[in-house]
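Structure file upload.txt; described as compact mmCIF, C-alpha atoms and all ligand atoms.
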```
# COMPACT_ATOMS: atom_id res chain seq x y z
CA MET A 322 -54.46 3.61 131.31
CA LYS A 323 -56.61 0.73 130.06
CA ARG A 324 -60.16 1.82 130.64
CA ILE A 325 -61.91 5.05 131.62
CA GLY A 326 -65.49 6.01 132.36
CA ILE A 327 -67.29 9.14 131.18
CA LEU A 328 -70.42 10.58 132.72
CA THR A 329 -72.50 13.72 132.28
CA GLY A 330 -74.35 15.11 135.30
CA GLY A 331 -76.69 17.94 136.28
CA GLY A 332 -78.73 20.00 133.84
CA ASP A 333 -77.84 19.49 130.20
CA SER A 334 -75.92 22.16 128.35
CA PRO A 335 -75.17 22.68 124.64
CA GLY A 336 -71.77 21.09 123.94
CA LEU A 337 -72.06 17.99 126.14
CA ASN A 338 -71.94 15.67 123.15
CA ALA A 339 -68.92 17.49 121.76
CA ALA A 340 -67.18 16.93 125.11
CA ILE A 341 -68.09 13.22 125.12
CA ARG A 342 -66.76 12.90 121.57
CA GLY A 343 -63.58 14.86 122.37
CA ALA A 344 -62.82 12.68 125.38
CA THR A 345 -63.69 9.44 123.63
CA LEU A 346 -61.65 10.08 120.48
CA ALA A 347 -58.64 11.31 122.47
CA ALA A 348 -58.83 8.27 124.73
CA ILE A 349 -59.01 5.82 121.84
CA ARG A 350 -56.70 7.48 119.30
CA LYS A 351 -54.10 9.12 121.50
CA HIS A 352 -54.02 6.88 124.56
CA GLY A 353 -55.30 3.54 123.26
CA THR A 354 -57.80 3.46 126.11
CA GLU A 355 -61.17 1.76 126.24
CA VAL A 356 -64.09 4.10 127.04
CA ILE A 357 -67.16 3.23 129.06
CA GLY A 358 -70.12 5.61 129.03
CA LEU A 359 -72.16 5.80 132.23
CA ILE A 360 -75.84 6.32 131.55
CA ASP A 361 -77.56 9.03 133.63
CA GLY A 362 -74.53 10.12 135.60
CA PHE A 363 -73.58 8.41 138.84
CA ASN A 364 -76.89 6.52 138.75
CA ALA A 365 -75.26 4.06 136.34
CA LEU A 366 -73.28 2.69 139.27
CA PHE A 367 -76.49 1.62 141.01
CA GLU A 368 -79.04 1.07 138.28
CA ASP A 369 -79.09 -0.96 135.11
CA THR A 370 -81.28 1.13 132.84
CA GLY A 371 -79.71 1.83 129.47
CA ARG A 372 -80.70 4.19 126.67
CA PRO A 373 -81.76 2.66 123.37
CA GLY A 374 -79.16 3.03 120.65
CA VAL A 375 -76.44 4.50 122.85
CA GLY A 376 -73.09 2.73 122.91
CA THR A 377 -72.59 -1.01 122.56
CA ASP A 378 -72.55 -3.79 125.11
CA SER A 379 -69.52 -3.27 127.30
CA GLY A 380 -69.62 -6.78 128.72
CA LEU A 381 -69.73 -5.19 132.19
CA GLY A 382 -73.11 -6.70 132.95
CA SER A 383 -75.26 -3.57 132.84
CA PRO A 384 -77.01 -1.71 130.02
CA ALA A 385 -76.19 1.46 132.00
CA LEU A 386 -72.47 0.88 131.29
CA VAL A 387 -71.93 1.06 127.55
CA ARG A 388 -68.84 0.89 125.40
CA LEU A 389 -68.14 4.06 123.45
CA GLY A 390 -66.09 3.55 120.31
CA GLU A 391 -65.36 5.86 117.40
CA ALA A 392 -68.58 4.86 115.66
CA GLU A 393 -70.67 5.60 118.75
CA VAL A 394 -69.52 9.20 118.95
CA GLN A 395 -69.37 9.89 115.24
CA ASP A 396 -71.01 13.21 114.30
CA ILE A 397 -72.48 13.88 117.73
CA HIS A 398 -70.54 17.12 118.26
CA ALA A 399 -73.29 19.25 116.69
CA PHE A 400 -76.19 17.79 118.66
CA GLY A 401 -77.62 19.36 121.78
CA GLY A 402 -78.30 17.34 124.93
CA THR A 403 -76.17 14.37 125.95
CA ILE A 404 -76.27 10.91 124.43
CA LEU A 405 -75.39 9.51 127.85
CA GLY A 406 -78.34 11.11 129.61
CA THR A 407 -77.98 13.05 132.81
CA ALA A 408 -79.61 13.27 136.20
CA ASN A 409 -79.71 15.92 138.84
CA LYS A 410 -80.78 13.38 141.42
CA GLY A 411 -77.78 11.11 140.98
CA ASP A 412 -75.98 11.82 144.23
CA PRO A 413 -74.16 8.77 145.67
CA PHE A 414 -73.99 10.55 149.02
CA GLN A 415 -77.77 10.88 149.19
CA MET A 416 -79.40 7.94 147.45
CA ILE A 417 -83.16 7.65 148.04
CA LEU A 418 -84.24 4.71 150.19
CA ARG A 419 -87.10 2.76 148.60
CA ASP A 420 -89.39 -0.08 149.59
CA GLU A 421 -89.58 -3.30 147.59
CA LYS A 422 -92.04 -1.71 145.14
CA GLY A 423 -89.69 1.19 144.49
CA LYS A 424 -91.67 3.71 146.53
CA PRO A 425 -89.47 6.25 148.38
CA LEU A 426 -89.36 5.78 152.15
CA ARG A 427 -90.14 8.82 154.29
CA ASP A 428 -89.67 9.94 157.87
CA ALA A 429 -92.54 10.97 160.15
CA ASP A 430 -92.58 14.48 158.61
CA GLY A 431 -92.91 13.06 155.09
CA LYS A 432 -89.31 13.85 154.17
CA VAL A 433 -87.72 11.43 151.71
CA LEU A 434 -85.11 9.25 153.39
CA THR A 435 -81.67 8.86 151.85
CA ARG A 436 -78.54 6.84 152.49
CA ASP A 437 -74.88 7.52 151.77
CA ARG A 438 -73.85 4.92 149.18
CA SER A 439 -70.71 6.71 148.02
CA GLY A 440 -68.48 3.93 149.38
CA GLU A 441 -70.37 1.39 147.28
CA ALA A 442 -70.04 3.65 144.24
CA ALA A 443 -66.27 3.90 144.75
CA GLN A 444 -66.02 0.12 145.14
CA ARG A 445 -68.01 -0.40 141.95
CA ILE A 446 -65.72 1.96 140.01
CA LYS A 447 -62.76 -0.10 141.19
CA GLU A 448 -64.42 -3.41 140.28
CA LEU A 449 -65.27 -2.08 136.83
CA GLY A 450 -61.58 -1.44 136.30
CA LEU A 451 -62.04 2.25 135.56
CA ASP A 452 -58.61 3.88 135.77
CA ALA A 453 -60.25 7.30 135.62
CA LEU A 454 -63.72 8.80 135.70
CA ILE A 455 -64.25 11.86 133.51
CA CYS A 456 -67.06 13.85 135.11
CA ILE A 457 -68.58 16.41 132.77
CA GLY A 458 -70.71 18.72 134.85
CA GLY A 459 -71.40 21.96 136.65
CA ASP A 460 -71.01 22.86 140.30
CA GLY A 461 -73.25 20.03 141.57
CA THR A 462 -71.61 17.20 139.64
CA LEU A 463 -68.11 18.56 140.15
CA SER A 464 -68.72 18.87 143.91
CA LEU A 465 -69.73 15.21 143.93
CA ALA A 466 -66.64 14.34 141.89
CA ARG A 467 -64.43 16.21 144.34
CA SER A 468 -66.02 14.43 147.32
CA MET A 469 -65.58 11.04 145.61
CA PHE A 470 -61.93 11.91 145.05
CA GLU A 471 -61.25 13.30 148.52
CA ARG A 472 -63.22 10.78 150.56
CA HIS A 473 -62.77 7.63 148.51
CA GLY A 474 -59.77 8.27 146.28
CA VAL A 475 -61.81 7.87 143.09
CA PRO A 476 -59.60 9.03 140.18
CA VAL A 477 -61.78 11.83 138.82
CA VAL A 478 -61.12 14.59 136.30
CA GLY A 479 -63.75 17.27 135.70
CA VAL A 480 -64.88 19.06 132.55
CA PRO A 481 -66.73 22.40 132.99
CA LYS A 482 -70.23 22.52 131.51
CA THR A 483 -72.90 24.94 132.57
CA ILE A 484 -75.00 27.56 130.87
CA ASP A 485 -74.86 29.54 134.13
CA PHE A 486 -71.06 30.17 133.91
CA ASP A 487 -70.90 29.87 137.69
CA LEU A 488 -67.64 27.92 137.90
CA ALA A 489 -64.39 29.67 138.79
CA ALA A 490 -60.84 29.23 137.47
CA THR A 491 -62.03 28.85 133.91
CA GLU A 492 -62.67 31.51 131.30
CA ALA A 493 -65.42 29.48 129.71
CA THR A 494 -67.97 26.85 130.62
CA PHE A 495 -69.46 25.35 127.50
CA GLY A 496 -73.14 26.02 126.96
CA PHE A 497 -72.96 29.56 128.28
CA LYS A 498 -72.27 31.24 124.95
CA THR A 499 -75.10 29.34 123.28
CA ALA A 500 -77.52 30.29 126.06
CA VAL A 501 -76.50 33.94 125.73
CA GLN A 502 -77.02 33.79 121.97
CA VAL A 503 -80.50 32.32 122.41
CA ALA A 504 -81.43 35.01 124.95
CA SER A 505 -79.98 37.75 122.76
CA ASP A 506 -81.92 36.46 119.74
CA ALA A 507 -85.05 36.47 121.89
CA LEU A 508 -84.45 40.13 122.76
CA ASP A 509 -84.06 41.01 119.08
CA ARG A 510 -87.44 39.47 118.40
CA LEU A 511 -89.07 41.01 121.45
CA ARG A 512 -87.75 44.46 120.54
CA THR A 513 -89.71 44.73 117.29
CA THR A 514 -92.99 43.56 118.76
CA ALA A 515 -92.53 45.65 121.92
CA ASP A 516 -91.86 48.69 119.76
CA SER A 517 -94.86 48.07 117.52
CA HIS A 518 -97.22 47.81 120.49
CA ASP A 519 -95.60 50.28 122.91
CA ARG A 520 -95.18 47.51 125.45
CA VAL A 521 -92.87 46.72 128.30
CA LEU A 522 -91.52 43.25 127.66
CA ILE A 523 -89.80 41.40 130.45
CA LEU A 524 -87.55 38.49 129.49
CA GLU A 525 -86.82 36.06 132.33
CA VAL A 526 -83.62 34.12 131.74
CA MET A 527 -81.90 31.23 133.51
CA GLY A 528 -78.65 31.32 135.43
CA ARG A 529 -79.77 30.38 138.95
CA TYR A 530 -77.94 32.58 141.44
CA ALA A 531 -75.54 34.00 138.83
CA GLY A 532 -76.46 36.87 136.53
CA TRP A 533 -74.01 36.13 133.73
CA ILE A 534 -76.62 35.15 131.13
CA ALA A 535 -78.77 38.22 131.91
CA LEU A 536 -75.78 40.56 131.83
CA HIS A 537 -74.30 39.30 128.56
CA ALA A 538 -77.63 38.88 126.77
CA GLY A 539 -78.87 42.23 128.06
CA ILE A 540 -75.91 44.00 126.55
CA ALA A 541 -75.98 42.03 123.30
CA GLY A 542 -79.73 42.50 122.96
CA GLY A 543 -79.90 46.17 123.90
CA ALA A 544 -82.00 45.81 127.06
CA HIS A 545 -82.96 48.98 128.94
CA ALA A 546 -82.75 47.32 132.33
CA ILE A 547 -80.91 44.22 133.52
CA LEU A 548 -81.82 42.74 136.88
CA LEU A 549 -79.30 40.40 138.45
CA PRO A 550 -79.38 38.01 141.40
CA GLU A 551 -76.25 39.72 142.69
CA LYS A 552 -77.93 43.13 142.93
CA PRO A 553 -81.38 43.25 144.54
CA TYR A 554 -83.41 45.79 142.59
CA ASP A 555 -85.69 48.64 143.54
CA PRO A 556 -88.90 48.33 141.47
CA LYS A 557 -89.21 52.13 141.57
CA ALA A 558 -85.88 52.44 139.78
CA VAL A 559 -87.06 50.11 137.02
CA TRP A 560 -90.31 52.03 136.76
CA LYS A 561 -88.35 55.28 136.53
CA ARG A 562 -86.33 53.90 133.64
CA ILE A 563 -89.50 52.91 131.81
CA THR A 564 -91.32 56.20 132.38
CA THR A 565 -88.28 58.27 131.43
CA ARG A 566 -88.17 56.48 128.10
CA PHE A 567 -91.91 56.92 127.71
CA ARG A 568 -91.69 60.67 128.23
CA ARG A 569 -89.09 60.80 125.51
CA GLN A 570 -91.51 59.11 123.16
CA ARG A 571 -89.68 55.80 123.42
CA LYS A 572 -92.78 54.00 124.46
CA PHE A 573 -91.45 50.49 124.72
CA SER A 574 -88.90 48.98 127.08
CA LEU A 575 -87.04 45.71 127.30
CA VAL A 576 -86.13 44.36 130.70
CA VAL A 577 -84.00 41.25 131.21
CA ILE A 578 -84.44 39.65 134.59
CA SER A 579 -82.47 36.70 135.95
CA GLU A 580 -84.60 33.95 137.40
CA GLY A 581 -82.63 34.46 140.64
CA ALA A 582 -83.17 38.24 140.85
CA ARG A 583 -85.14 39.67 143.75
CA PRO A 584 -86.41 43.07 144.84
CA ILE A 585 -84.66 44.81 147.75
CA ASP A 586 -87.37 43.75 150.15
CA GLY A 587 -88.20 40.35 148.71
CA ALA A 588 -86.92 36.79 148.42
CA ILE A 589 -85.90 34.79 145.35
CA ALA A 590 -88.96 33.56 143.45
CA VAL A 591 -89.33 29.79 143.77
CA ALA A 592 -91.68 27.99 141.41
CA GLU A 593 -91.41 24.52 142.87
CA LEU A 594 -89.75 22.68 145.70
CA ARG A 595 -88.26 19.32 144.91
CA GLU A 596 -88.57 16.17 146.87
CA HIS A 597 -85.08 14.91 146.44
CA PRO A 598 -82.78 16.51 149.01
CA ALA A 599 -79.98 16.70 146.43
CA ALA A 600 -82.11 18.48 143.82
CA HIS A 601 -82.24 22.27 143.57
CA VAL A 602 -85.53 24.10 144.00
CA VAL A 603 -87.01 25.18 140.68
CA LEU A 604 -86.66 28.95 140.31
CA GLY A 605 -89.34 30.88 138.45
CA GLY A 606 -91.73 33.77 138.78
CA ALA A 607 -89.24 36.66 138.95
CA GLY A 608 -90.60 38.16 135.72
CA THR A 609 -94.23 37.86 136.75
CA ARG A 610 -93.48 39.46 140.08
CA LEU A 611 -91.74 42.37 138.36
CA ARG A 612 -94.77 42.83 136.12
CA ALA A 613 -97.01 43.09 139.20
CA GLU A 614 -94.59 45.56 140.79
CA ILE A 615 -94.60 47.77 137.69
CA GLU A 616 -98.36 47.63 137.40
CA GLY A 617 -98.68 48.43 141.10
CA LEU A 618 -96.44 51.48 140.76
CA TYR A 619 -98.45 52.72 137.79
CA ALA A 620 -101.71 52.24 139.70
CA ALA A 621 -100.42 54.24 142.68
CA GLU A 622 -99.32 57.08 140.41
CA ALA A 623 -102.59 57.05 138.50
CA GLU A 624 -104.54 57.21 141.74
CA ALA A 625 -102.56 60.24 142.87
CA VAL A 626 -103.19 61.99 139.54
CA ILE A 627 -106.92 61.29 139.79
CA ALA A 628 -107.00 62.49 143.42
CA ALA A 629 -105.42 65.75 142.24
CA GLY A 630 -108.22 66.12 139.69
CA GLY A 631 -106.14 65.07 136.68
CA TYR A 632 -106.39 62.32 134.11
CA PRO A 633 -103.62 59.72 134.25
CA PRO A 634 -101.79 58.35 131.21
CA ASP A 635 -102.86 54.92 129.96
CA ALA A 636 -101.55 51.96 131.91
CA PRO A 637 -98.41 50.39 130.44
CA GLU A 638 -98.94 47.03 128.81
CA VAL A 639 -96.46 44.73 130.47
CA ARG A 640 -95.88 41.16 129.29
CA VAL A 641 -93.52 38.48 130.50
CA VAL A 642 -91.62 35.92 128.44
CA VAL A 643 -89.92 33.08 130.28
CA LEU A 644 -87.19 31.70 128.04
CA GLY A 645 -86.65 28.55 130.10
CA HIS A 646 -85.11 25.42 128.63
CA ILE A 647 -84.89 26.89 125.13
CA GLN A 648 -81.59 28.28 126.47
CA ARG A 649 -80.31 24.78 127.14
CA GLY A 650 -81.50 22.78 124.17
CA GLY A 651 -80.45 22.60 120.54
CA THR A 652 -77.31 23.12 118.54
CA PRO A 653 -74.26 24.44 120.39
CA LEU A 654 -72.46 27.46 118.97
CA ALA A 655 -69.08 26.70 117.41
CA GLU A 656 -67.29 28.32 120.33
CA ASP A 657 -69.00 26.07 122.87
CA ARG A 658 -68.17 23.02 120.72
CA ILE A 659 -64.53 24.04 120.62
CA VAL A 660 -64.26 24.49 124.40
CA ALA A 661 -66.16 21.25 125.00
CA THR A 662 -64.07 19.23 122.55
CA ALA A 663 -60.75 20.59 123.78
CA CYS A 664 -61.57 20.29 127.48
CA GLY A 665 -62.97 16.78 126.96
CA ALA A 666 -59.82 15.65 125.16
CA PHE A 667 -57.52 17.38 127.65
CA ALA A 668 -59.32 15.77 130.60
CA VAL A 669 -58.17 12.42 129.21
CA ASP A 670 -54.58 13.71 129.01
CA LEU A 671 -54.84 14.75 132.66
CA ALA A 672 -56.14 11.30 133.57
CA ALA A 673 -53.32 9.63 131.64
CA SER A 674 -50.79 11.67 133.63
CA GLY A 675 -52.48 10.76 136.92
CA ARG A 676 -53.60 14.35 137.55
CA PHE A 677 -56.76 13.44 139.46
CA GLY A 678 -58.95 15.81 141.49
CA THR A 679 -58.48 18.36 138.74
CA MET A 680 -60.57 19.97 136.02
CA ALA A 681 -59.75 20.65 132.39
CA ALA A 682 -60.45 24.39 132.41
CA TRP A 683 -60.38 26.87 129.52
CA VAL A 684 -57.63 29.42 130.05
CA ALA A 685 -55.97 31.78 127.56
CA ASP A 686 -57.60 30.18 124.54
CA GLY A 687 -56.79 26.63 125.38
CA PRO A 688 -57.38 23.83 127.86
CA ALA A 689 -55.47 23.94 131.14
CA GLU A 690 -55.29 22.06 134.43
CA VAL A 691 -56.87 23.57 137.55
CA PRO A 692 -57.69 21.92 140.88
CA LEU A 693 -61.38 21.01 141.20
CA GLU A 694 -61.43 22.99 144.41
CA ALA A 695 -60.47 26.17 142.56
CA ALA A 696 -63.18 25.59 139.98
CA LEU A 697 -65.76 25.27 142.73
CA ALA A 698 -64.99 28.69 144.25
CA PRO A 699 -67.82 31.23 143.86
CA HIS A 700 -68.07 32.90 140.47
CA PHE A 701 -70.71 35.59 140.35
CA VAL A 702 -71.21 38.97 138.76
CA ASP A 703 -69.81 41.71 140.99
CA PRO A 704 -72.15 44.68 140.49
CA GLU A 705 -69.32 47.07 141.38
CA THR A 706 -66.30 45.62 139.63
CA THR A 707 -67.38 43.33 136.78
CA PRO A 708 -66.25 45.23 133.68
CA LEU A 709 -69.40 44.50 131.68
CA VAL A 710 -71.57 46.01 134.42
CA ARG A 711 -69.59 49.20 133.99
CA THR A 712 -70.04 49.01 130.23
CA ALA A 713 -73.78 48.60 130.67
CA ARG A 714 -74.00 51.50 133.11
CA ALA A 715 -72.04 53.67 130.70
CA LEU A 716 -74.74 53.01 128.12
CA GLY A 717 -77.49 53.98 130.55
CA ILE A 718 -78.74 50.43 131.18
CA SER A 719 -80.44 50.34 134.56
CA PHE A 720 -79.64 47.68 137.15
CA GLY A 721 -82.65 48.72 139.17
CA ASP A 722 -80.64 50.71 141.65
CA GLN A 723 -80.89 54.31 140.41
CA ARG A 724 -84.08 56.24 140.78
CA GLU A 725 -82.91 59.19 138.76
CA ALA A 726 -83.33 59.21 135.03
CA ASP A 727 -80.68 57.42 133.06
CA ASP A 728 -79.50 58.74 129.76
CA ASP A 729 -81.71 57.43 127.05
CA GLN A 730 -80.64 55.14 124.27
O1 LIG B 1 -77.93 25.11 136.06
C1 LIG B 1 -78.50 25.17 134.81
C2 LIG B 1 -79.96 25.53 134.91
O2 LIG B 1 -80.49 25.60 133.61
C3 LIG B 1 -80.25 26.81 135.68
O3 LIG B 1 -80.01 27.96 134.94
C4 LIG B 1 -81.70 26.59 136.05
O4 LIG B 1 -82.08 27.28 137.22
C5 LIG B 1 -81.74 25.12 136.30
O5 LIG B 1 -80.66 24.53 135.60
C6 LIG B 1 -83.02 24.47 135.88
O6 LIG B 1 -82.94 23.13 136.17
P1 LIG B 1 -84.07 22.08 135.82
O7 LIG B 1 -84.07 21.90 134.35
O8 LIG B 1 -83.67 20.86 136.54
O9 LIG B 1 -85.36 22.67 136.32
```

If you convert what's in this file into structure tokens, what do you get?
Amino acid sequence: MKRIGILTGGGDSPGLNAAIRGATLAAIRKHGTEVIGLIDGFNALFEDTGRPGVGTDSGLGSPALVRLGEAEVQDIHAFGGTILGTANKGDPFQMILRDEKGKPLRDADGKVLTRDRSGEAAQRIKELGLDALICIGGDGTLSLARSMFERHGVPVVGVPKTIDFDLAATEATFGFKTAVQVASDALDRLRTTADSHDRVLILEVMGRYAGWIALHAGIAGGAHAILLPEKPYDPKAVWKRITTRFRRQRKFSLVVISEGARPIDGAIAVAELREHPAAHVVLGGAGTRLRAEIEGLYAAEAEAVIAAGGYPPDAPEVRVVVLGHIQRGGTPLAEDRIVATACGAFAVDLAASGRFGTMAAWVADGPAEVPLEAALAPHFVDPETTPLVRTARALGISFGDQREADDDQ
């Protein structure tokens, strides 16, 4: 194996640089292989935009294809982000068609036009003499890698990164633990201020259609309700949890809601549609919607009390905190660095043994080979069988599906 390429794709995740370093050092020191870094994922195969200070000239005729040596990856394991840059619009199967000025071309309905350039990408990889392409990514990037392998025979090996933990066949995806820690820290901080002001604080966390971050952070941070994408919630059940606590003189509540959670009669909250057909919609607004639902339920109850000639309790003060990209940025936890480093290095071993179309997963405390296809199987919280859901229920944490009072904490 003379030369390999490394790319990072999709949303960034703490540990990406550790994975780049792990793969690069293993390639150079163990396999005597030259390493080329692709800037901004698969886009490097079509564009020639580099990143200042990253890598050295590879002699391959494009600033988007840089040589990574030991010096280039020195000390990067502790940094968040990715030195190589990443793109969630870098899909060789759907490249945007542009006019000579670079403006995207559109059809009569205004939809951006794309073209399948995956064949060109495969040809370019061959011409560049890349004996393997290490694709560090989540479900989007690894799906592209699998398609490049299956349709064009590109020698790919995947490495599992995602804060969402929505890849299968691996016990860890690096970035997840760091995101959970950030969300759990946020809950610790929210708890004291919520308590001081008798407020209901809703923390909206990332995770897309998977509730792993909400579930883990909710338990670690002592949330009173956890709302998951996998379990549509009944706002009345959440309200019940809050009022039960209130009656017991616990006048504050912490609710963790996944950005992909939805009420039983509602859809997922979308903040923004994206133009690029390969890009995901931007989720957002789940927390704000829950606030309105809680306030609406209070108002209905207050009205009934007034109609009966009574005086209702004060309205709850509900506030929403959207944690957003804070979960993705910054220093990776040691555990994420370890998984990233080991899986990065092992991906190069897999490449050296010709084990393409695979992913370097994390299994039983070490890196292991799994087929990419297995990694891309669904991996979501099962509200009935996931052990941590049971743990949470045992503690009285509401998942928004029980209207009766839970035991208090
Ligand atoms: O997949 C990782 C993730 O952070 C999701 O949790 C989130 O929905 C999405 O990416 C946000 O992506 P972007 O930064 O492109 O808006």

**OP:** Tell me which of A:Ala339, A:Ala636, A:Ala685, A:Val702 sits closest to Phe495 in chain A, counting all atoms listed in the file.
**Re:** A:Ala339

Original post:
In Å to one decimal, how far is CA of Phe414 in chain A from CA of Ser468 in chain A?
Top reply: 9.0 Å

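Across the structure, CA of Tyr554 in chain A and CA of Arg610 in chain A are spaced 12.2 Å apart.
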
With only C-alpha atoms and all ligand atoms counted and 9 Å as the cut-off, give the residues of chain A in contact with ligand LIG 1 (chain B), each with its shortest interatomic distance in Å and the pair that gives it, as JSON lines.
```
{"residue": "A:Gly331", "atom": "CA", "partner": "B:LIG1", "partner_atom": "O1", "distance": 7.3}
{"residue": "A:Gly332", "atom": "CA", "partner": "B:LIG1", "partner_atom": "O5", "distance": 5.2}
{"residue": "A:Asp333", "atom": "CA", "partner": "B:LIG1", "partner_atom": "C1", "distance": 7.3}
{"residue": "A:Ser334", "atom": "CA", "partner": "B:LIG1", "partner_atom": "C1", "distance": 7.6}
{"residue": "A:Ala408", "atom": "CA", "partner": "B:LIG1", "partner_atom": "O8", "distance": 8.6}
{"residue": "A:Asn409", "atom": "CA", "partner": "B:LIG1", "partner_atom": "O8", "distance": 6.7}
{"residue": "A:Gly459", "atom": "CA", "partner": "B:LIG1", "partner_atom": "O1", "distance": 7.3}
{"residue": "A:Asp460", "atom": "CA", "partner": "B:LIG1", "partner_atom": "O1", "distance": 8.4}
{"residue": "A:Gly461", "atom": "CA", "partner": "B:LIG1", "partner_atom": "O1", "distance": 8.8}
{"residue": "A:Thr483", "atom": "CA", "partner": "B:LIG1", "partner_atom": "C1", "distance": 6.0}
{"residue": "A:Ile484", "atom": "CA", "partner": "B:LIG1", "partner_atom": "C1", "distance": 5.8}
{"residue": "A:Asp485", "atom": "CA", "partner": "B:LIG1", "partner_atom": "O3", "distance": 5.4}
{"residue": "A:Phe486", "atom": "CA", "partner": "B:LIG1", "partner_atom": "O1", "distance": 8.8}
{"residue": "A:Asp487", "atom": "CA", "partner": "B:LIG1", "partner_atom": "O1", "distance": 8.6}
{"residue": "A:Val526", "atom": "CA", "partner": "B:LIG1", "partner_atom": "O3", "distance": 7.8}
{"residue": "A:Met527", "atom": "CA", "partner": "B:LIG1", "partner_atom": "O3", "distance": 4.0}
{"residue": "A:Gly528", "atom": "CA", "partner": "B:LIG1", "partner_atom": "O3", "distance": 3.7}
{"residue": "A:Arg529", "atom": "CA", "partner": "B:LIG1", "partner_atom": "O4", "distance": 4.2}
{"residue": "A:Tyr530", "atom": "CA", "partner": "B:LIG1", "partner_atom": "O4", "distance": 7.9}
{"residue": "A:Ala531", "atom": "CA", "partner": "B:LIG1", "partner_atom": "O3", "distance": 8.5}
{"residue": "A:Ile534", "atom": "CA", "partner": "B:LIG1", "partner_atom": "O3", "distance": 8.8}
{"residue": "A:Glu580", "atom": "CA", "partner": "B:LIG1", "partner_atom": "O4", "distance": 7.1}
{"residue": "A:Gly581", "atom": "CA", "partner": "B:LIG1", "partner_atom": "O4", "distance": 8.0}
{"residue": "A:Ala600", "atom": "CA", "partner": "B:LIG1", "partner_atom": "O8", "distance": 7.8}
{"residue": "A:His601", "atom": "CA", "partner": "B:LIG1", "partner_atom": "O8", "distance": 7.3}
{"residue": "A:Val602", "atom": "CA", "partner": "B:LIG1", "partner_atom": "O9", "distance": 7.8}
{"residue": "A:Val603", "atom": "CA", "partner": "B:LIG1", "partner_atom": "O9", "distance": 5.3}
{"residue": "A:Leu604", "atom": "CA", "partner": "B:LIG1", "partner_atom": "O4", "distance": 5.8}
{"residue": "A:Gly605", "atom": "CA", "partner": "B:LIG1", "partner_atom": "O4", "distance": 8.2}
{"residue": "A:Gly645", "atom": "CA", "partner": "B:LIG1", "partner_atom": "O2", "distance": 7.7}
{"residue": "A:His646", "atom": "CA", "partner": "B:LIG1", "partner_atom": "O2", "distance": 6.8}
{"residue": "A:Gln648", "atom": "CA", "partner": "B:LIG1", "partner_atom": "O2", "distance": 7.7}
{"residue": "A:Arg649", "atom": "CA", "partner": "B:LIG1", "partner_atom": "O2", "distance": 6.5}
```

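Among the candidates A:Val577, A:Val626, A:Val475, A:Ile615, the residue lying nearest to Ile718 in chain A is A:Val577 (atoms considered: all atoms listed in the file).
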
Starting from the incomplete input, reconstruct N, CA and C atoms of range 586-597 of chain A and report them as a PDB file, in the frame of the given file.
```pdb
ATOM      1  N   ASP A 586     -86.681  44.226 148.937  1.00  0.00           N
ATOM      2  CA  ASP A 586     -87.370  43.750 150.150  1.00  0.00           C
ATOM      3  C   ASP A 586     -88.044  42.391 149.924  1.00  0.00           C
ATOM      4  N   GLY A 587     -87.541  41.633 148.982  1.00  0.00           N
ATOM      5  CA  GLY A 587     -88.200  40.350 148.710  1.00  0.00           C
ATOM      6  C   GLY A 587     -87.205  39.196 148.608  1.00  0.00           C
ATOM      7  N   ALA A 588     -87.761  37.987 148.519  1.00  0.00           N
ATOM      8  CA  ALA A 588     -86.920  36.790 148.420  1.00  0.00           C
ATOM      9  C   ALA A 588     -86.861  36.326 146.965  1.00  0.00           C
ATOM     10  N   ILE A 589     -85.979  35.379 146.687  1.00  0.00           N
ATOM     11  CA  ILE A 589     -85.900  34.790 145.350  1.00  0.00           C
ATOM     12  C   ILE A 589     -87.204  34.061 145.052  1.00  0.00           C
ATOM     13  N   ALA A 590     -87.689  34.188 143.816  1.00  0.00           N
ATOM     14  CA  ALA A 590     -88.960  33.560 143.450  1.00  0.00           C
ATOM     15  C   ALA A 590     -88.756  32.063 143.174  1.00  0.00           C
ATOM     16  N   VAL A 591     -89.443  31.253 143.930  1.00  0.00           N
ATOM     17  CA  VAL A 591     -89.330  29.790 143.770  1.00  0.00           C
ATOM     18  C   VAL A 591     -90.624  29.267 143.177  1.00  0.00           C
ATOM     19  N   ALA A 592     -90.490  28.513 142.080  1.00  0.00           N
ATOM     20  CA  ALA A 592     -91.680  27.990 141.410  1.00  0.00           C
ATOM     21  C   ALA A 592     -92.102  26.650 142.005  1.00  0.00           C
ATOM     22  N   GLU A 593     -91.112  25.895 142.454  1.00  0.00           N
ATOM     23  CA  GLU A 593     -91.410  24.520 142.870  1.00  0.00           C
ATOM     24  C   GLU A 593     -90.324  24.008 143.805  1.00  0.00           C
ATOM     25  N   LEU A 594     -90.749  23.332 144.844  1.00  0.00           N
ATOM     26  CA  LEU A 594     -89.750  22.680 145.700  1.00  0.00           C
ATOM     27  C   LEU A 594     -89.579  21.274 145.153  1.00  0.00           C
ATOM     28  N   ARG A 595     -88.439  20.687 145.398  1.00  0.00           N
ATOM     29  CA  ARG A 595     -88.260  19.320 144.910  1.00  0.00           C
ATOM     30  C   ARG A 595     -88.123  18.370 146.072  1.00  0.00           C
ATOM     31  N   GLU A 596     -88.575  17.165 145.804  1.00  0.00           N
ATOM     32  CA  GLU A 596     -88.570  16.170 146.870  1.00  0.00           C
ATOM     33  C   GLU A 596     -87.183  15.690 147.232  1.00  0.00           C
ATOM     34  N   HIS A 597     -86.390  15.500 146.186  1.00  0.00           N
ATOM     35  CA  HIS A 597     -85.080  14.910 146.440  1.00  0.00           C
ATOM     36  C   HIS A 597     -84.186  15.924 147.138  1.00  0.00           C
TER      37      HIS A 597
END
```
